[in-house]
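A.B. asks: First the structure, then my questions, so here it is.
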Amino acid sequence: MSKPDWPVLTSYTGPHLRNIAMPLGGMGAGSVSIGGSGDLRDFELFNKPSKGFVPSSLDIAPCVMMHISKAGSGSELRLIEGPVDSADYQGSVGCRRPNHGIPRFRECRFDAAYPLAQVHLTDDDVPVSVTMQAFSPVIPADADSSSQPVIQLRYVLHNHSSDPVQVATIATLPNFIGMDPKSRELLGNGRVRYSGPNNNRIEVRQSEQVQGLYFFSNDVDRGSQNFGSVALATAAAEQTSARTCWLDNKYYSALLDFRNDLDADGRLSDREQVTTDVPTGSLAVHCDLQPGESRSVTFFLTWHFPNRMDWTSGKHDELVGNWYTAQYTDAWNAMEQLVPRMPALEATTVKFVRALCESDVPAAIKEAMLCNLSTLFTETCQRLPDGTFCSFEGCGDQQGYCEGSCTHVWNYEQALAFLWGELSLGMREVEFELATGERGDMAFRVMQPFATRARDFGKVAADGQMGCIMKMYRDWTLSGDTARLRRLWPRVRKALEYCWIVGGWDADQDGLMEGCQHNTMDVEYYGPNPQMQFWYLGALRAGAKMAAAIGDESFSERCGQLFHAGSTATDEVLFNGDYYEHKYIEPAIPGAIPAEQILFPDKPADRSHQLLDGCLIDQCVGQLMSHVCGLGYLGDPRNIRKALSSVAKWNQQDGFHGHFNVMRTFALGDEKALLMAAYPKGPRGEFPFPYFSEVMSGFEYSAAAGMIFEGLREQGLSCIRNIRDRYDGRKRNPFDEAECGHHYVRALASWAAGLAWTGFHYSAITAELRVNGEDGCWFWSNGYAWGQYRITGTSFQLSVLHGELLISEVVVRGRGQRRVDTGPVKLSAGTEPLRLDIVADHVRP
C-alpha cells in the first residue's frame with residue numbers, strides 16, 4: 001500500500017525544521033501543532049492559548065513510537081520523529097526535548113501545504129521507513145466541516161529490508177485534562193511536570209467504526225475551562241493492544257517497563273492503577289510487513305472542552321461556549337461521528353490544497369496564502385455556539401491579545417470572505433447590529449457576551465469603521481444576499497453618516513477627513529492623511545452603490561458627490577509628487593471632539609505621534625480594498641502607482657545591522673523588509689507614531705498586494721519573498737507570523753496578493769467574473785464555491801470543484817470579454833467546465 005498522494009508546496013530539512021509548528025484542529029475548536037520532526041506540541045485545547053504546552057507524565061510525553069521485531073534479530077523501539085536539534089541539548093539538566101531518551105530516525109524532511117503535513121523519516125539502521133501524514137479538515141465554503149475537533153495521523157510504514165518484520169505502531173498520550181499549562185516544572189532528569197488533578201481516568205472503548213482510549217476526569221470542576229474529554233482511536237478492524245496506565249515511575253522504571261513489555265511478545269499489556277503520576281494511555285496497532293511491503297496505520301485524536309469563557313478585559317467570568325462542543329456530547333461521541341466522515345473530508349481538503357498549489361501564481365504568494373490560513377485554526381479565532389465567528393488580534397503564550405474582532409485589524413484580512421463567506425457576513429452582522437450605536441458610532445472592539453456587553457468598549461476607529469462599510473459591500477457582492485444588506489442598511493448608513501456629525505471626521509462634509517482619527521497605529525491622527533482618507537473614499541463609493549441597490553437614491557447621490565470632491569482633494573492636498581503624506585491640523589476646539597473618538601484622552605492633541613511627511617507603508621490600503629471590492633480607483637491612478645513605487649523605494653530595508661528601532665523587532669541582521677514609515681523628505685518629527693521603525697508582515701502584504709494591482713509585480717513579489725524568507729523554519733515558524741502575539745490576523749492580508757496576481761473578481765449581483773488574461777492554470781474562490789480556470793491562447797475554461805457558481809459574463813482583462821449566450825449558467829461540482837472562446841473585438845480597457 002503506497003501513501004496517498006498529497007500536494008507539496010514547501011519542503012524543509014536540516015536547521016529549517018527547528019521552529020516548525022503547524023497548528024491542526026478545527027476553526028474555533030483548538031489545535032495541536034505538528035513539529036518539524038513529526039512531534040506533537042502546543043496542545044491548545046483548553047479554550048485559551050497554551051504555547052509550549054506539551055502535557056507529560058514524569059516519563060513520557062505525547063508521541064507515536066514503533067516497535068520492530070525480526071525473527072532471530074531481537075527487537076528495537078524507535079520514536080517516529082526526526083533527530084533532536086542541537087539547541088535542545090542546552091541546559092543544566094541536559095536535553096530539554098520531550099521523550100529525549102528514546103531513539104529516533106536520523107533523516108527527516110517536512111513537506112508542507114497547509115493543512116497537510118508530511119514528515120518523511122529514514123534511517124539506514126532501521127528496516128522500516130515511515131511517512132507521517134497529518135491533517136485536519138479545511139474545506140472552503142464549508143465552515144462546519146472546517147470546524148471539527150479532530151486530527152488524523154497516518155503513518156505509512158515501508159519495509160525496505162530483505163526480511164519480514166513485525167511492527168507495533170504505538171500512540172501514547174498522558175491524560176492531561178485539568179493540567180495547568182502555566183505550572184511547568186523542569187525536573188532534575190530533564191523531564192517536565194505539570195500540576196493537575198489526581199483522579200483522571202482512561203477507558204478502553206470500542207464502537208462499530210473505531211476502537212481506542214477515552215480520557216476523562218472525575219476531579220476537574222465541570223465549569224472549568226479545563227473540563228472536558230479526549231479520545232485516541234484507530235479503525236475498528238485493526239489488530240490492537242492497549243494499556244491505560246503505566247507503572248509508578250520510581251527510579252525511572254516506567255519507560256523501561258513499557259519497553260520490556262513490548263520486547264516480551266510485541267504487544268502491550270495493562271498495569272494495575274499504581275502510578276502516582278498522570279495516568280497515561282497507549283494504543284498499539286500491530287501488523288506484519290513482508291520485504292518491500294508498505295502498510296498504513298491511522299490514529300485519530302478528538303477532544304471536547306465546552307467551557308470557553310468571555311474575553312472581556314478584566315472579567316472572563318461568563319460562559320460563552322463553543323460551536324463544536326454543541327455538536328457532540330463528548331470526545332468519544334465526536335470520534336464515532338467523525339471517523340466515518342474522514343475519508344471524504346480528507347479527499348475534499350486535498351482537492352482544495354491541490355487546486356491552489358497547481359495555480360501558476362508564484363510559489364512565495366501561494367505559500368503566504370496557505371501558511372497564514374493556519375491563523376484561522378488557532379486560539380486567535382473562535383466560533384460561538386450559534387456559529388458566529390470572532391477573534392482576538394493574536395495570541396500570547398497563555399492568553400489572547402487584543403480581544404474584540406478589532407475592526408481596523410480585520411480590514412487587512414481577506415481570506416475569510418473568499419473562503420467562508422457566511423462567516424465573514426456574520427462578522428458584519430455583529431459590527432453593524434451589535435457594535436454600532438444609534439448615532440452610527442461603531443465600537444471597534446466588540447465585548448463578550450455579545451448580548452449584554454457588545455458595546456462596552458465604546459471607542460471608535462476611523463479606519464476600522466470605514467473599512468467595515470467596504471467589507472459590507474465586498475461581502476454583499478460575493479454573496480448576492482441583498483435581503484441581508486437591506487436588513488443591515490440602516491446601521492450601515494448611520495455608520496457613514498457618523499463622519500459628518502459635529503466634531504466628526506468630516507464635519508464640514510468636504511470629502512476630506514480632518515477630524516480626530518483613531519486608527520490601527522494606536523494613536524489619533526489630526527488632519528487629512530492617506531491612511532484614513534482612502535478608507536473614507538472607499539466607504540463613500542461603496543455606500544453610494546449599496547444605497548442605489550436598495551433604492552436609497554438621495555443618499556447614494558450624496559455619497560457620490562462627497563466621493564468626487566474628496567478624491568480630487570486627496571490628490572491636490574496630500575500627494576507631494578512622490579507619495580501621499582499627512583497634513584496635520586490642530587483641533588480648533590479640542591473639547592468639541594466626541595469622547596468616543598479619543599482612546600487616549602490624557603495625550604495632548606499635538607504633532608507628536610503623528611505621521612506628518614512620512615512615506616507610510618499602507619498609505620494606499622484603502623485603494624487595495626477598493627480593487628478587491630471591484631470599486632475602481634479612489635484617486636488618480638498615476639499618483640497611486642507612484643506612491644506604491646515610493647514605498648518600494650523608500651521603505652525597503654536591505655539589512656538591519658544599522659537600523660535603530662524603538663519598538664518590537666520582527667526583522668534583524670541581513671533580513672530584508674519594508675519599514676512602517678520612511679522620511680525621505682527630511683528629518684522626521686521628534687516623536688512619530690509609535691510603530692514607525694518597526695516591520696510587520698501584515699502591512700507588508702497589503703503594500704505588496706497593492707503594488708501588484710498597480711502593475712508593480714516584481715516589487716510586490718520581492719516584498720513577499722522577503723517575508724517568507726524570514727519565516728523559513730530556521731529563523732521563525734512558517735505558520736506563525738507574529739505582530740501583537742502569535743498567529744496575527746493582519747498577516748491574512750496575504751490572500752489579497754493572490755487576488756491581485758490573478759485579477760479575480762466576482763459579483764453574485766451581476767454574475768460577472770473578471771480575471772487577468774495571462775495564460776496558465778489559476779485557482780479561484782468566492783466564499784461559496786471554488787475551483788480552477790485555465791487560459792490558453794484564446795481558450796477559457798472554468799471548473800467548479802466545490803459549491804455552485806452562477807455565470808452570465810466573463811471578462812478577461814486585456815484579452816476581451818464573452819457573454820454567455822444562453823443567459824446565466826449555473827455551474828456546480830461535477831458538471832462540465834464552462835468553455836469559452838475569448839473574442840478580441842470586445843476588448844475593454
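By order of appearance in the C-alpha cells: chains A, B, ..., then residues from 1 within every chain, and ligands from 1 in the order shown.
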With DSSP run on the backbone, what are the helix (DSSP H, G or I) residues within region 641-791 of chain A? I'd like them as a PyMOL selection string.
C.D. replies: chain A and resi 641-650+697-709+713-726+745-758
A.B. asks: Please provide as a count of residues only all residues within 9 Å of Asp456 (chain A), with the sequence filter that same-chain residues fewer than 5 positions apart are discarded (counting only C-alpha atoms).
C.D. replies: 7
A.B. asks: Identify which of the residues A:Thr302, A:Gln211, A:Ser781, A:Gln152 lies closest to Ala231 (chain A), counting only C-alpha atoms when measuring atom-to-atom distances.
C.D. replies: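 Using only C-alpha atoms, Ala231 (chain A) sits closest to A:Thr302.
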A.B. asks: When you draw a straight line from CA of Arg201 (chain A) to CA of Leu283 (chain A), how long is it in Å?
C.D. replies: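 Computing it gives 15.0 Å between the two atoms.
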A.B. asks: Which residues are close to Tyr679 (chain A), i.e. within 8 Å by only C-alpha atoms, leaving aside same-chain residues fewer than 6 positions away? Reply as an MDAnalysis selection string.
C.D. replies: chainID A and resid 613:615 650
A.B. asks: Any chance you can output those residues with N, CA and C atoms as a PDB file, in the first residue's frame?
C.D. replies:
ATOM      1  N   ASP A 613       5.079  64.060   7.373  1.00  0.00           N
ATOM      2  CA  ASP A 613       5.505  63.917   5.974  1.00  0.00           C
ATOM      3  C   ASP A 613       6.165  62.575   5.704  1.00  0.00           C
ATOM      4  N   GLY A 614       5.853  61.572   6.501  1.00  0.00           N
ATOM      5  CA  GLY A 614       6.416  60.239   6.299  1.00  0.00           C
ATOM      6  C   GLY A 614       5.791  59.523   5.124  1.00  0.00           C
ATOM      7  N   CYS A 615       6.569  58.633   4.543  1.00  0.00           N
ATOM      8  CA  CYS A 615       6.081  57.737   3.486  1.00  0.00           C
ATOM      9  C   CYS A 615       5.588  56.475   4.178  1.00  0.00           C
ATOM     10  N   TRP A 650      11.546  53.733  -0.832  1.00  0.00           N
ATOM     11  CA  TRP A 650      11.996  54.385   0.404  1.00  0.00           C
ATOM     12  C   TRP A 650      11.855  53.510   1.631  1.00  0.00           C
TER      13      TRP A 650
END
A.B. asks: From region 602-771 of chain A, collect each residue whose DSSP state is strand (DSSP E) and return the set as a ChimeraX atom specification.
C.D. replies: /A:615-616,652-654,672-674,677-678,761-763,768-771
A.B. asks: Would you write out those residues with N, CA and C atoms, as a JSON list (two decimals), in the first residue's frame?
C.D. replies:
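Full text of out.json as output:
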[["chain", "number", "residue", "atom", "x", "y", "z"],
["A", 615, "CYS", "N", 6.57, 58.63, 4.54],
["A", 615, "CYS", "CA", 6.08, 57.74, 3.49],
["A", 615, "CYS", "C", 5.59, 56.47, 4.18],
["A", 616, "LEU", "N", 4.29, 56.35, 4.32],
["A", 616, "LEU", "CA", 3.67, 55.28, 5.12],
["A", 616, "LEU", "C", 3.50, 54.03, 4.29],
["A", 652, "GLN", "N", 11.96, 50.17, 1.80],
["A", 652, "GLN", "CA", 12.72, 48.93, 1.72],
["A", 652, "GLN", "C", 13.99, 49.03, 2.57],
["A", 653, "GLN", "N", 14.20, 48.03, 3.41],
["A", 653, "GLN", "CA", 15.39, 47.95, 4.24],
["A", 653, "GLN", "C", 16.12, 46.66, 3.90],
["A", 654, "ASP", "N", 17.31, 46.77, 3.33],
["A", 654, "ASP", "CA", 18.09, 45.59, 2.94],
["A", 654, "ASP", "C", 19.15, 45.30, 4.00],
["A", 672, "LYS", "N", 15.56, 41.24, 4.93],
["A", 672, "LYS", "CA", 15.03, 42.36, 4.16],
["A", 672, "LYS", "C", 13.54, 42.52, 4.48],
["A", 673, "ALA", "N", 13.10, 43.78, 4.50],
["A", 673, "ALA", "CA", 11.71, 44.04, 4.86],
["A", 673, "ALA", "C", 11.35, 45.47, 4.51],
["A", 674, "LEU", "N", 10.04, 45.75, 4.54],
["A", 674, "LEU", "CA", 9.54, 47.11, 4.39],
["A", 674, "LEU", "C", 9.31, 47.72, 5.76],
["A", 677, "ALA", "N", 7.41, 53.18, 8.13],
["A", 677, "ALA", "CA", 7.44, 54.53, 7.58],
["A", 677, "ALA", "C", 8.87, 54.91, 7.27],
["A", 678, "ALA", "N", 9.05, 55.71, 6.23],
["A", 678, "ALA", "CA", 10.33, 56.30, 5.88],
["A", 678, "ALA", "C", 10.13, 57.81, 5.78],
["A", 761, "HIS", "N", -12.14, 38.75, -9.73],
["A", 761, "HIS", "CA", -13.25, 39.46, -9.09],
["A", 761, "HIS", "C", -14.55, 38.85, -9.58],
["A", 762, "TYR", "N", -15.44, 38.59, -8.61],
["A", 762, "TYR", "CA", -16.73, 38.01, -8.96],
["A", 762, "TYR", "C", -17.83, 38.78, -8.23],
["A", 763, "SER", "N", -18.90, 39.04, -8.92],
["A", 763, "SER", "CA", -20.07, 39.66, -8.32],
["A", 763, "SER", "C", -21.26, 38.74, -8.48],
["A", 768, "GLU", "N", -21.07, 38.37, -12.88],
["A", 768, "GLU", "CA", -19.95, 38.67, -13.75],
["A", 768, "GLU", "C", -18.64, 38.23, -13.10],
["A", 769, "LEU", "N", -17.80, 37.59, -13.88],
["A", 769, "LEU", "CA", -16.47, 37.16, -13.44],
["A", 769, "LEU", "C", -15.43, 37.92, -14.24],
["A", 770, "ARG", "N", -14.43, 38.50, -13.52],
["A", 770, "ARG", "CA", -13.33, 39.20, -14.17],
["A", 770, "ARG", "C", -12.01, 38.59, -13.74],
["A", 771, "VAL", "N", -11.13, 38.37, -14.69],
["A", 771, "VAL", "CA", -9.80, 37.82, -14.40],
["A", 771, "VAL", "C", -8.79, 38.46, -15.33]]
A.B. asks: At most 12 Å is the cut-off: for each residue in region 443-527 of chain A with any atom that close to an atom of region 595-605 of chain A, write down the nearest atom pair and the distance in Å rounded to one decimal, counting only C-alpha atoms, chain first then increasing number, as a tab-separated table.
C.D. replies:
residue	atom	partner	partner_atom	distance
A:Ala443	CA	A:Glu596	CA	8.6
A:Phe444	CA	A:Glu596	CA	10.4
A:Arg455	CA	A:Glu596	CA	11.4
A:Asp456	CA	A:Glu596	CA	11.5
A:Phe457	CA	A:Glu596	CA	9.4
A:Gly458	CA	A:Glu596	CA	6.3
A:Lys459	CA	A:Glu596	CA	4.6
A:Val460	CA	A:Gln597	CA	5.4
A:Ala461	CA	A:Gln597	CA	6.9
A:Ala462	CA	A:Gln597	CA	8.3
A:Asp463	CA	A:Gln597	CA	11.7
A:Gly464	CA	A:Gln597	CA	11.9
A:Gln465	CA	A:Gln597	CA	11.5
A:Tyr498	CA	A:Gln597	CA	11.2
A:Cys499	CA	A:Gln597	CA	11.0
A:Ile501	CA	A:Gln597	CA	11.9
A:Gly503	CA	A:Gln597	CA	9.6
A:Gly504	CA	A:Gln597	CA	8.5
A:Trp505	CA	A:Gln597	CA	9.2
A:Gly515	CA	A:Gln597	CA	9.3
A:Cys516	CA	A:Gln597	CA	6.6
A:Gln517	CA	A:Gln597	CA	6.9
A:His518	CA	A:Gln597	CA	6.4
A:Asn519	CA	A:Leu599	CA	9.7
A:Thr520	CA	A:Leu599	CA	11.6
A:Met521	CA	A:Leu599	CA	11.8
A:Asp522	CA	A:Leu599	CA	8.3
A:Val523	CA	A:Leu599	CA	7.7
A:Glu524	CA	A:Ile598	CA	6.9
A:Tyr525	CA	A:Ala605	CA	8.7
A:Tyr526	CA	A:Ala605	CA	7.6
A:Gly527	CA	A:Ala605	CA	10.9
A.B. asks: Restrict the selected residues to N, CA and C atoms and save them as a short mmCIF file (atom, residue, chain, number, x, y, z; two decimals), in the first residue's frame.
C.D. replies:
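Saved as again26.cif:
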data_model
loop_
_atom_site.label_atom_id
_atom_site.label_comp_id
_atom_site.auth_asym_id
_atom_site.auth_seq_id
_atom_site.Cartn_x
_atom_site.Cartn_y
_atom_site.Cartn_z
N ALA A 443 -18.23 50.62 17.92
CA ALA A 443 -17.14 50.21 18.80
C ALA A 443 -16.20 49.32 18.00
N PHE A 444 -14.92 49.69 17.97
CA PHE A 444 -14.03 48.90 17.11
C PHE A 444 -13.58 47.60 17.76
N ARG A 455 -21.21 46.59 23.32
CA ARG A 455 -20.70 47.95 23.12
C ARG A 455 -19.97 48.50 24.35
N ASP A 456 -19.57 47.62 25.24
CA ASP A 456 -18.89 48.09 26.45
C ASP A 456 -17.60 48.83 26.15
N PHE A 457 -16.91 48.47 25.07
CA PHE A 457 -15.64 49.14 24.76
C PHE A 457 -15.87 50.61 24.40
N GLY A 458 -16.81 50.85 23.49
CA GLY A 458 -17.31 52.19 23.27
C GLY A 458 -16.45 53.15 22.47
N LYS A 459 -15.26 52.74 22.02
CA LYS A 459 -14.41 53.64 21.27
C LYS A 459 -14.50 53.34 19.77
N VAL A 460 -14.33 54.39 18.96
CA VAL A 460 -14.46 54.24 17.51
C VAL A 460 -13.10 54.44 16.85
N ALA A 461 -12.91 53.81 15.70
CA ALA A 461 -11.69 53.97 14.90
C ALA A 461 -12.11 54.35 13.49
N ALA A 462 -11.54 55.41 12.98
CA ALA A 462 -11.94 55.91 11.67
C ALA A 462 -11.67 54.88 10.58
N ASP A 463 -10.47 54.30 10.58
CA ASP A 463 -10.17 53.33 9.54
C ASP A 463 -11.00 52.06 9.71
N GLY A 464 -11.17 51.62 10.97
CA GLY A 464 -11.96 50.42 11.21
C GLY A 464 -13.39 50.56 10.75
N GLN A 465 -14.01 51.69 11.06
CA GLN A 465 -15.41 51.89 10.73
C GLN A 465 -15.62 52.01 9.22
N TYR A 498 -22.03 59.05 10.47
CA TYR A 498 -21.31 59.43 11.68
C TYR A 498 -20.10 60.31 11.34
N CYS A 499 -19.56 60.16 10.14
CA CYS A 499 -18.42 61.00 9.73
C CYS A 499 -18.77 62.48 9.76
N ILE A 501 -21.02 64.20 11.78
CA ILE A 501 -21.56 64.82 12.99
C ILE A 501 -20.68 65.99 13.42
N GLY A 503 -17.99 67.88 15.15
CA GLY A 503 -16.76 67.37 15.72
C GLY A 503 -16.30 66.06 15.10
N GLY A 504 -16.97 65.64 14.03
CA GLY A 504 -16.68 64.34 13.43
C GLY A 504 -15.48 64.36 12.50
N TRP A 505 -15.28 63.23 11.83
CA TRP A 505 -14.10 63.05 10.98
C TRP A 505 -14.15 63.94 9.74
N GLY A 515 -10.78 65.42 11.05
CA GLY A 515 -11.02 65.33 12.49
C GLY A 515 -10.04 64.45 13.24
N CYS A 516 -10.40 64.12 14.47
CA CYS A 516 -9.58 63.26 15.33
C CYS A 516 -9.82 61.80 14.93
N GLN A 517 -8.81 61.19 14.34
CA GLN A 517 -8.98 59.88 13.70
C GLN A 517 -8.15 58.82 14.41
N HIS A 518 -8.77 58.12 15.37
CA HIS A 518 -8.07 56.98 15.97
C HIS A 518 -7.97 55.90 14.91
N ASN A 519 -6.84 55.17 14.93
CA ASN A 519 -6.59 54.23 13.85
C ASN A 519 -5.71 53.08 14.31
N THR A 520 -5.37 52.22 13.38
CA THR A 520 -4.67 50.98 13.69
C THR A 520 -3.25 51.19 14.17
N MET A 521 -2.72 52.41 14.08
CA MET A 521 -1.41 52.71 14.66
C MET A 521 -1.51 53.00 16.15
N ASP A 522 -2.71 52.83 16.71
CA ASP A 522 -2.96 53.02 18.15
C ASP A 522 -2.72 54.46 18.59
N VAL A 523 -2.99 55.40 17.69
CA VAL A 523 -2.90 56.82 18.01
C VAL A 523 -4.07 57.52 17.33
N GLU A 524 -4.24 58.80 17.65
CA GLU A 524 -5.20 59.64 16.94
C GLU A 524 -4.42 60.53 15.98
N TYR A 525 -4.76 60.48 14.69
CA TYR A 525 -4.21 61.43 13.73
C TYR A 525 -5.13 62.64 13.65
N TYR A 526 -4.53 63.82 13.49
CA TYR A 526 -5.30 65.05 13.32
C TYR A 526 -4.97 65.62 11.96
N GLY A 527 -6.01 65.85 11.17
CA GLY A 527 -5.82 66.36 9.84
C GLY A 527 -5.86 65.27 8.80
#
A.B. asks: Pull the closest atom pair for each residue of region 651-732 of chain A that gets at most 7 Å from region 352-373 of chain A, along with the distance in Å to one decimal, counting only C-alpha atoms, ordering rows by chain and then ascending residue number, as a tab-separated table.
C.D. replies:
residue	atom	partner	partner_atom	distance
A:Ile720	CA	A:Ala364	CA	6.5
A:Arg721	CA	A:Ala364	CA	5.6
A:Arg724	CA	A:Ala364	CA	6.8
A.B. asks: Applying 8 Å and only C-alpha atoms, which residues near Asn47 (chain A) remain after dropping the ones on its own chain fewer than 3 positions away? List them as a list of chain:residue names.
C.D. replies: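 Counting only the stated atoms, we get A:Ala29, A:Gly30, A:Glu44, A:Gln225, A:Asn226, A:Phe305, A:Asn307, A:Arg308, A:Met309, A:Glu379.
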A.B. asks: Just the number, please: distance in Å from CA of Asn411 (chain A) to CA of Arg746 (chain A), one decimal.
C.D. replies: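 So the two atoms, CA of Asn411 (chain A) and CA of Arg746 (chain A), lie 8.0 Å apart.
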